[in-house]
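> Before I ask anything, let me first share the structure, which is written out below as structure tokens.
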Amino acid sequence: MQPEGVEIRDVRPEDADAVRRVVAAAFGDGRGEHGTEVADLWDAVVAAGHVRASLVAAADGEAVGHVGLSHAWVDARRALVDVLVLSPLSVLPDRQGRGVGTALLAAAIERGRALGAPALFLEGSPTYYAARGFSRGSAHGFAPPTERIPDPAFQVVVYETHEDWMTGRLVYRDVWWEHDSTGLRDPELAEIEARFG
Ligand SMILES: CC(C)(COP(=O)(O)OP(=O)(O)OC[C@H]1O[C@@H](n2cnc3c(N)ncnc32)[C@H](O)[C@@H]1OP(=O)(O)O)[C@@H](O)C(=O)NCCC(=O)NCCS
């Protein structure tokens with residue numbers, strides 16, 4: 001369900017600065033320059049031409065949230081399979097907890113289906129995403145792009161166009177590696193593994 005007064009729409013050229021602000025603010029607080037790093041990553045994904053969808057949540061004409069879908073592959077035995085990665089998902093800190101993230105996720109899942117992708121992947125909290133349509137990648141025969149993603153955090157939506165042979169390792173485009181933006185690193189990785197048990 002869409003929160004009242006919030007419209008989810010495709011990003012327009014004039015939204016570029018606002019999207020950057022939303023991403024930097026969402027990932028910024030309490031994590032040093034992390035917000036700027038994630039905003040730089042998304043700008044690089046855009047510049048590299050890997051974006052397949054970029055949606056903003058707008059309230060009173062202002063961008064308050066954003067979600068990006070970009071291209072990746074599953075390295076299946078038979079062929080490389082074109083798939084989608086959902087990242088980043090961002091909601092302005094003072095707008096969080098009111099359903100904007102949930103609405104952006106629902107719109108992103110629908111867009112992935114409309115694009116004809118067989119699968120949509122992300123890295124994130126299993127609690128948050130499992131309640132919003134995602135399930136464990138490993139349960140569908142997918143392997144993560146790095147061992148530094150705890151199994152419960154490697155999440156996927158498998159669409160109707162997926163065929164049984166389309167399993168294998170998720171392979172990110174180079175830009176994700178150039179920005180060191182795949183998986184977690186210690187000490188955060190060890191802390192989250194300890195929490196998952
Ligand atoms: C994660 C995020 C997009 C959620 O957006 P939101 O608009 O606050 O989410 P909603 O209002 O739709 O949903 C709120 C729920 O999300 C939970 N939640 C928020 N952030 C969470 C997180 N990082 N991990 C787990 N749960 C989270 C809230 O506890 C709440 O749970 P409830 O529905 O059981 O009460 C937003 O908090 C955000 O931008 N966070 C910073 C950036 C980030 O971590 N992005 C995701 C990277 S995988």
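We name chains A, B, ... following the order of the structure tokens; residues begin at 1 in each chain, and ligands are numbered from 1 as shown.
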As an mmCIF file with C-alpha atoms, in the first residue's frame, please: every protein or nucleic acid residue near ligand 1 (cut-off 7 Å, counting only C-alpha atoms and all ligand atoms).


```cif
data_model
loop_
_atom_site.group_PDB
_atom_site.id
_atom_site.type_symbol
_atom_site.label_atom_id
_atom_site.label_comp_id
_atom_site.auth_asym_id
_atom_site.auth_seq_id
_atom_site.Cartn_x
_atom_site.Cartn_y
_atom_site.Cartn_z
ATOM 1 C CA ALA A 26 19.762 7.620 4.116
ATOM 2 C CA PHE A 27 23.148 5.888 4.335
ATOM 3 C CA PRO A 88 20.496 1.117 -3.114
ATOM 4 C CA LEU A 89 17.131 1.524 -1.343
ATOM 5 C CA SER A 90 16.998 4.859 0.445
ATOM 6 C CA VAL A 91 14.475 6.825 2.465
ATOM 7 C CA LEU A 92 15.243 10.208 4.048
ATOM 8 C CA PRO A 93 15.860 9.661 7.786
ATOM 9 C CA ARG A 95 10.592 10.008 6.524
ATOM 10 C CA GLN A 96 11.514 6.490 7.618
ATOM 11 C CA GLY A 97 9.117 4.125 9.363
ATOM 12 C CA ARG A 98 6.056 5.364 7.435
ATOM 13 C CA GLY A 99 5.870 2.835 4.634
ATOM 14 C CA VAL A 100 7.890 4.658 1.963
ATOM 15 C CA GLY A 101 10.539 1.896 1.797
ATOM 16 C CA THR A 102 7.829 -0.775 1.585
ATOM 17 C CA ALA A 103 6.098 1.102 -1.264
ATOM 18 C CA GLU A 123 21.748 -7.887 0.053
ATOM 19 C CA GLY A 124 19.917 -6.932 3.208
ATOM 20 C CA SER A 125 18.051 -7.704 6.395
ATOM 21 C CA THR A 127 13.554 -9.783 8.473
ATOM 22 C CA TYR A 128 12.746 -6.645 6.494
#
```

> Name all residues at most 9 Å from A:Ser70 (count only C-alpha atoms; drop same-chain ones fewer than 6 positions away) and give them as a list in words.

Val45, Val46, Gly49, His50, Val51, Arg52, Ala53, Ser54, Val83, Leu84, Val85, Leu86 and Ser87 of chain A

> Kindly export the residues of the current selection with all heavy atoms, as a PDB file, in the first residue's frame.


```
ATOM      1  N   VAL A  45      27.113   3.705 -11.294  1.00  0.00           N
ATOM      2  CA  VAL A  45      26.251   2.704 -11.951  1.00  0.00           C
ATOM      3  C   VAL A  45      25.468   3.387 -13.082  1.00  0.00           C
ATOM      4  O   VAL A  45      25.354   2.851 -14.188  1.00  0.00           O
ATOM      5  CB  VAL A  45      25.293   2.048 -10.924  1.00  0.00           C
ATOM      6  CG1 VAL A  45      24.309   1.102 -11.622  1.00  0.00           C
ATOM      7  CG2 VAL A  45      26.080   1.286  -9.867  1.00  0.00           C
ATOM      8  N   VAL A  46      24.975   4.599 -12.804  1.00  0.00           N
ATOM      9  CA  VAL A  46      24.248   5.370 -13.826  1.00  0.00           C
ATOM     10  C   VAL A  46      25.191   5.673 -14.995  1.00  0.00           C
ATOM     11  O   VAL A  46      24.861   5.421 -16.164  1.00  0.00           O
ATOM     12  CB  VAL A  46      23.703   6.693 -13.228  1.00  0.00           C
ATOM     13  CG1 VAL A  46      23.108   7.580 -14.331  1.00  0.00           C
ATOM     14  CG2 VAL A  46      22.661   6.413 -12.150  1.00  0.00           C
ATOM     15  N   GLY A  49      25.932   2.978 -17.435  1.00  0.00           N
ATOM     16  CA  GLY A  49      24.820   2.513 -18.278  1.00  0.00           C
ATOM     17  C   GLY A  49      24.188   1.220 -17.796  1.00  0.00           C
ATOM     18  O   GLY A  49      23.506   0.542 -18.563  1.00  0.00           O
ATOM     19  N   HIS A  50      24.380   0.884 -16.532  1.00  0.00           N
ATOM     20  CA  HIS A  50      23.850  -0.385 -16.024  1.00  0.00           C
ATOM     21  C   HIS A  50      22.452  -0.270 -15.414  1.00  0.00           C
ATOM     22  O   HIS A  50      21.882  -1.268 -14.985  1.00  0.00           O
ATOM     23  CB  HIS A  50      24.791  -0.973 -14.964  1.00  0.00           C
ATOM     24  CG  HIS A  50      26.162  -1.253 -15.480  1.00  0.00           C
ATOM     25  ND1 HIS A  50      26.401  -1.670 -16.771  1.00  0.00           N
ATOM     26  CD2 HIS A  50      27.378  -1.167 -14.884  1.00  0.00           C
ATOM     27  CE1 HIS A  50      27.692  -1.829 -16.958  1.00  0.00           C
ATOM     28  NE2 HIS A  50      28.310  -1.524 -15.832  1.00  0.00           N
ATOM     29  N   VAL A  51      21.911   0.960 -15.332  1.00  0.00           N
ATOM     30  CA  VAL A  51      20.622   1.148 -14.668  1.00  0.00           C
ATOM     31  C   VAL A  51      19.495   0.600 -15.533  1.00  0.00           C
ATOM     32  O   VAL A  51      19.433   0.866 -16.730  1.00  0.00           O
ATOM     33  CB  VAL A  51      20.379   2.647 -14.376  1.00  0.00           C
ATOM     34  CG1 VAL A  51      18.985   2.870 -13.792  1.00  0.00           C
ATOM     35  CG2 VAL A  51      21.441   3.170 -13.417  1.00  0.00           C
ATOM     36  N   ARG A  52      18.608  -0.176 -14.912  1.00  0.00           N
ATOM     37  CA  ARG A  52      17.441  -0.687 -15.623  1.00  0.00           C
ATOM     38  C   ARG A  52      16.163  -0.013 -15.125  1.00  0.00           C
ATOM     39  O   ARG A  52      15.161   0.012 -15.829  1.00  0.00           O
ATOM     40  CB  ARG A  52      17.336  -2.213 -15.454  1.00  0.00           C
ATOM     41  CG  ARG A  52      18.503  -2.963 -16.100  1.00  0.00           C
ATOM     42  CD  ARG A  52      18.516  -2.767 -17.627  1.00  0.00           C
ATOM     43  NE  ARG A  52      19.659  -3.425 -18.253  1.00  0.00           N
ATOM     44  CZ  ARG A  52      20.822  -2.832 -18.520  1.00  0.00           C
ATOM     45  NH1 ARG A  52      20.997  -1.543 -18.233  1.00  0.00           N
ATOM     46  NH2 ARG A  52      21.822  -3.485 -19.068  1.00  0.00           N
ATOM     47  N   ALA A  53      16.208   0.526 -13.906  1.00  0.00           N
ATOM     48  CA  ALA A  53      15.096   1.337 -13.390  1.00  0.00           C
ATOM     49  C   ALA A  53      15.607   2.173 -12.228  1.00  0.00           C
ATOM     50  O   ALA A  53      16.483   1.733 -11.480  1.00  0.00           O
ATOM     51  CB  ALA A  53      13.947   0.457 -12.914  1.00  0.00           C
ATOM     52  N   SER A  54      15.081   3.390 -12.141  1.00  0.00           N
ATOM     53  CA  SER A  54      15.441   4.281 -11.042  1.00  0.00           C
ATOM     54  C   SER A  54      14.157   4.988 -10.658  1.00  0.00           C
ATOM     55  O   SER A  54      13.600   5.748 -11.451  1.00  0.00           O
ATOM     56  CB  SER A  54      16.518   5.270 -11.533  1.00  0.00           C
ATOM     57  OG  SER A  54      16.949   6.120 -10.499  1.00  0.00           O
ATOM     58  N   VAL A  83      20.062 -10.600 -15.122  1.00  0.00           N
ATOM     59  CA  VAL A  83      19.186 -10.462 -13.962  1.00  0.00           C
ATOM     60  C   VAL A  83      19.313  -9.033 -13.432  1.00  0.00           C
ATOM     61  O   VAL A  83      20.055  -8.217 -13.986  1.00  0.00           O
ATOM     62  CB  VAL A  83      19.539 -11.492 -12.852  1.00  0.00           C
ATOM     63  CG1 VAL A  83      19.278 -12.904 -13.327  1.00  0.00           C
ATOM     64  CG2 VAL A  83      20.976 -11.298 -12.364  1.00  0.00           C
ATOM     65  N   LEU A  84      18.586  -8.758 -12.349  1.00  0.00           N
ATOM     66  CA  LEU A  84      18.572  -7.420 -11.758  1.00  0.00           C
ATOM     67  C   LEU A  84      19.058  -7.461 -10.314  1.00  0.00           C
ATOM     68  O   LEU A  84      18.823  -8.441  -9.598  1.00  0.00           O
ATOM     69  CB  LEU A  84      17.153  -6.853 -11.775  1.00  0.00           C
ATOM     70  CG  LEU A  84      16.530  -6.606 -13.146  1.00  0.00           C
ATOM     71  CD1 LEU A  84      15.042  -6.288 -12.998  1.00  0.00           C
ATOM     72  CD2 LEU A  84      17.260  -5.472 -13.870  1.00  0.00           C
ATOM     73  N   VAL A  85      19.714  -6.368  -9.928  1.00  0.00           N
ATOM     74  CA  VAL A  85      20.092  -6.168  -8.529  1.00  0.00           C
ATOM     75  C   VAL A  85      19.368  -4.927  -8.024  1.00  0.00           C
ATOM     76  O   VAL A  85      19.323  -3.907  -8.724  1.00  0.00           O
ATOM     77  CB  VAL A  85      21.621  -5.978  -8.398  1.00  0.00           C
ATOM     78  CG1 VAL A  85      21.985  -5.417  -7.030  1.00  0.00           C
ATOM     79  CG2 VAL A  85      22.338  -7.297  -8.625  1.00  0.00           C
ATOM     80  N   LEU A  86      18.759  -5.059  -6.848  1.00  0.00           N
ATOM     81  CA  LEU A  86      18.083  -3.919  -6.226  1.00  0.00           C
ATOM     82  C   LEU A  86      19.022  -3.302  -5.200  1.00  0.00           C
ATOM     83  O   LEU A  86      19.299  -3.906  -4.178  1.00  0.00           O
ATOM     84  CB  LEU A  86      16.782  -4.389  -5.564  1.00  0.00           C
ATOM     85  CG  LEU A  86      15.846  -3.313  -4.991  1.00  0.00           C
ATOM     86  CD1 LEU A  86      14.423  -3.851  -4.881  1.00  0.00           C
ATOM     87  CD2 LEU A  86      16.290  -2.786  -3.641  1.00  0.00           C
ATOM     88  N   SER A  87      19.534  -2.136  -5.510  1.00  0.00           N
ATOM     89  CA  SER A  87      20.430  -1.410  -4.601  1.00  0.00           C
ATOM     90  C   SER A  87      20.845  -0.096  -5.249  1.00  0.00           C
ATOM     91  O   SER A  87      21.138  -0.100  -6.462  1.00  0.00           O
ATOM     92  CB  SER A  87      21.678  -2.242  -4.308  1.00  0.00           C
ATOM     93  OG  SER A  87      22.572  -1.522  -3.479  1.00  0.00           O
TER      94      SER A  87
END
```

> What does the distance from atom CA of A:Leu105 to atom CA of A:Arg132 come to in Å, to one decimal?

7.4 Å

> In Å, with one decimal, what is the gap from atom CA of A:His162 to atom CA of A:Tyr129?

20.1 Å

> Can you tell me which residues surround A:Val6 at a distance of at most 9 Å, considering only C-alpha atoms, apart from same-chain residues fewer than 6 positions away, and format the answer as JSON, numbers by chain?

{"A": [57, 58, 59, 60, 64, 100]}

> May I have all residues of stretch 21-177 of chain A that DSSP, computed from the backbone, assigns to alpha helix (DSSP H), given as a PyMOL selection string?

chain A and resi 21-28+34-47+100-114+126-130+174-177

> In terms of the shortest atom-to-atom distance over only C-alpha atoms, which of A:His34, A:Arg9, A:Arg78, A:Arg195 is closest to A:Glu62?

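Ranking A:His34, A:Arg9, A:Arg78, A:Arg195 by distance to A:Glu62, first place goes to A:Arg9.
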
> Counting only C-alpha atoms, which residue out of A:Glu37, A:Asp186, A:Asp174, A:Asp10 sits closest to A:Ala107?

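For A:Ala107, the nearest of the candidates is A:Asp10.
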
> Residues at most 10 Å from A:Arg12, counting only C-alpha atoms, excluding those fewer than 5 positions away in the same chain, as a ChimeraX atom specification?

/A:19,54-56

> What's around A:Ser181 at 9 Å? Count only C-alpha atoms, leave out sequence neighbours fewer than 5 positions away in its own chain, and write the answer as a ChimeraX atom specification.

/A:37-38,41,175-176

> Atom CA of A:Ser135 to atom CA of A:Ala48: how many Å, to one decimal?

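It comes out at 28.8 Å.
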
> Residues at most 12 Å from A:Phe121, counting only C-alpha atoms, excluding those fewer than 3 positions away in the same chain, as a VMD selection string?

chain A and resid 68 to 74 82 to 88 105 108 to 109 112 117 to 118 124 129 133 to 138 140 142 to 145 153 to 159 169 to 172

> Deliver the residues from the most recent selection as a file, using C-alpha atoms, as a compact mmCIF listing (two decimals), in the first residue's frame.


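What follows is the written file selection24.txt:
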```txt
# COMPACT_ATOMS: atom_id res chain seq x y z
CA GLY A 68 17.67 1.60 -8.09
CA LEU A 69 17.58 -1.56 -10.21
CA SER A 70 20.64 -2.40 -12.27
CA HIS A 71 22.00 -5.17 -14.42
CA ALA A 72 23.93 -8.24 -13.22
CA TRP A 73 24.32 -11.82 -14.39
CA VAL A 74 23.71 -15.28 -13.04
CA ASP A 82 20.62 -11.26 -17.38
CA VAL A 83 19.19 -10.46 -13.96
CA LEU A 84 18.57 -7.42 -11.76
CA VAL A 85 20.09 -6.17 -8.53
CA LEU A 86 18.08 -3.92 -6.23
CA SER A 87 20.43 -1.41 -4.60
CA PRO A 88 20.50 1.12 -3.11
CA LEU A 105 10.12 -2.16 -2.77
CA ALA A 108 10.64 -2.19 -7.72
CA ILE A 109 9.41 -5.80 -7.65
CA GLY A 112 11.47 -6.09 -12.35
CA ALA A 117 13.88 -10.35 -15.58
CA PRO A 118 13.96 -13.92 -14.24
CA GLY A 124 19.92 -6.93 3.21
CA TYR A 129 12.89 -8.13 3.01
CA GLY A 133 8.37 -10.63 -1.04
CA PHE A 134 12.02 -11.78 -0.95
CA SER A 135 13.42 -15.17 0.04
CA ARG A 136 16.88 -16.71 0.48
CA GLY A 137 18.89 -16.95 -2.72
CA SER A 138 20.50 -20.21 -1.61
CA HIS A 140 16.71 -21.33 -5.14
CA PHE A 142 21.86 -19.22 -6.35
CA ALA A 143 25.35 -18.55 -4.96
CA PRO A 144 26.30 -15.08 -3.71
CA PRO A 145 28.83 -12.91 -5.57
CA ALA A 153 21.12 -11.69 3.79
CA PHE A 154 21.42 -12.91 0.19
CA GLN A 155 17.86 -12.37 -0.98
CA VAL A 156 15.95 -12.86 -4.23
CA VAL A 157 12.59 -12.54 -5.93
CA VAL A 158 12.22 -15.24 -8.58
CA TYR A 159 9.81 -14.31 -11.37
CA ARG A 169 26.54 -17.55 -9.01
CA LEU A 170 25.32 -13.96 -9.07
CA VAL A 171 27.96 -11.83 -10.80
CA TYR A 172 28.01 -8.10 -10.20
```

> Choose the residue, out of A:Ala194, A:Val11, A:Arg113, A:Leu120, that has the smallest atom-to-atom separation from A:Glu160; count only C-alpha atoms.

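Going through A:Ala194, A:Val11, A:Arg113, A:Leu120 one by one, the smallest distance to A:Glu160 is for A:Arg113.
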
> Pick out the closest residue to A:Pro3 from this set: A:Arg185, A:Leu104, A:Val81, A:Asp40. Count only C-alpha atoms.

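For A:Pro3, the nearest of the candidates is A:Leu104.
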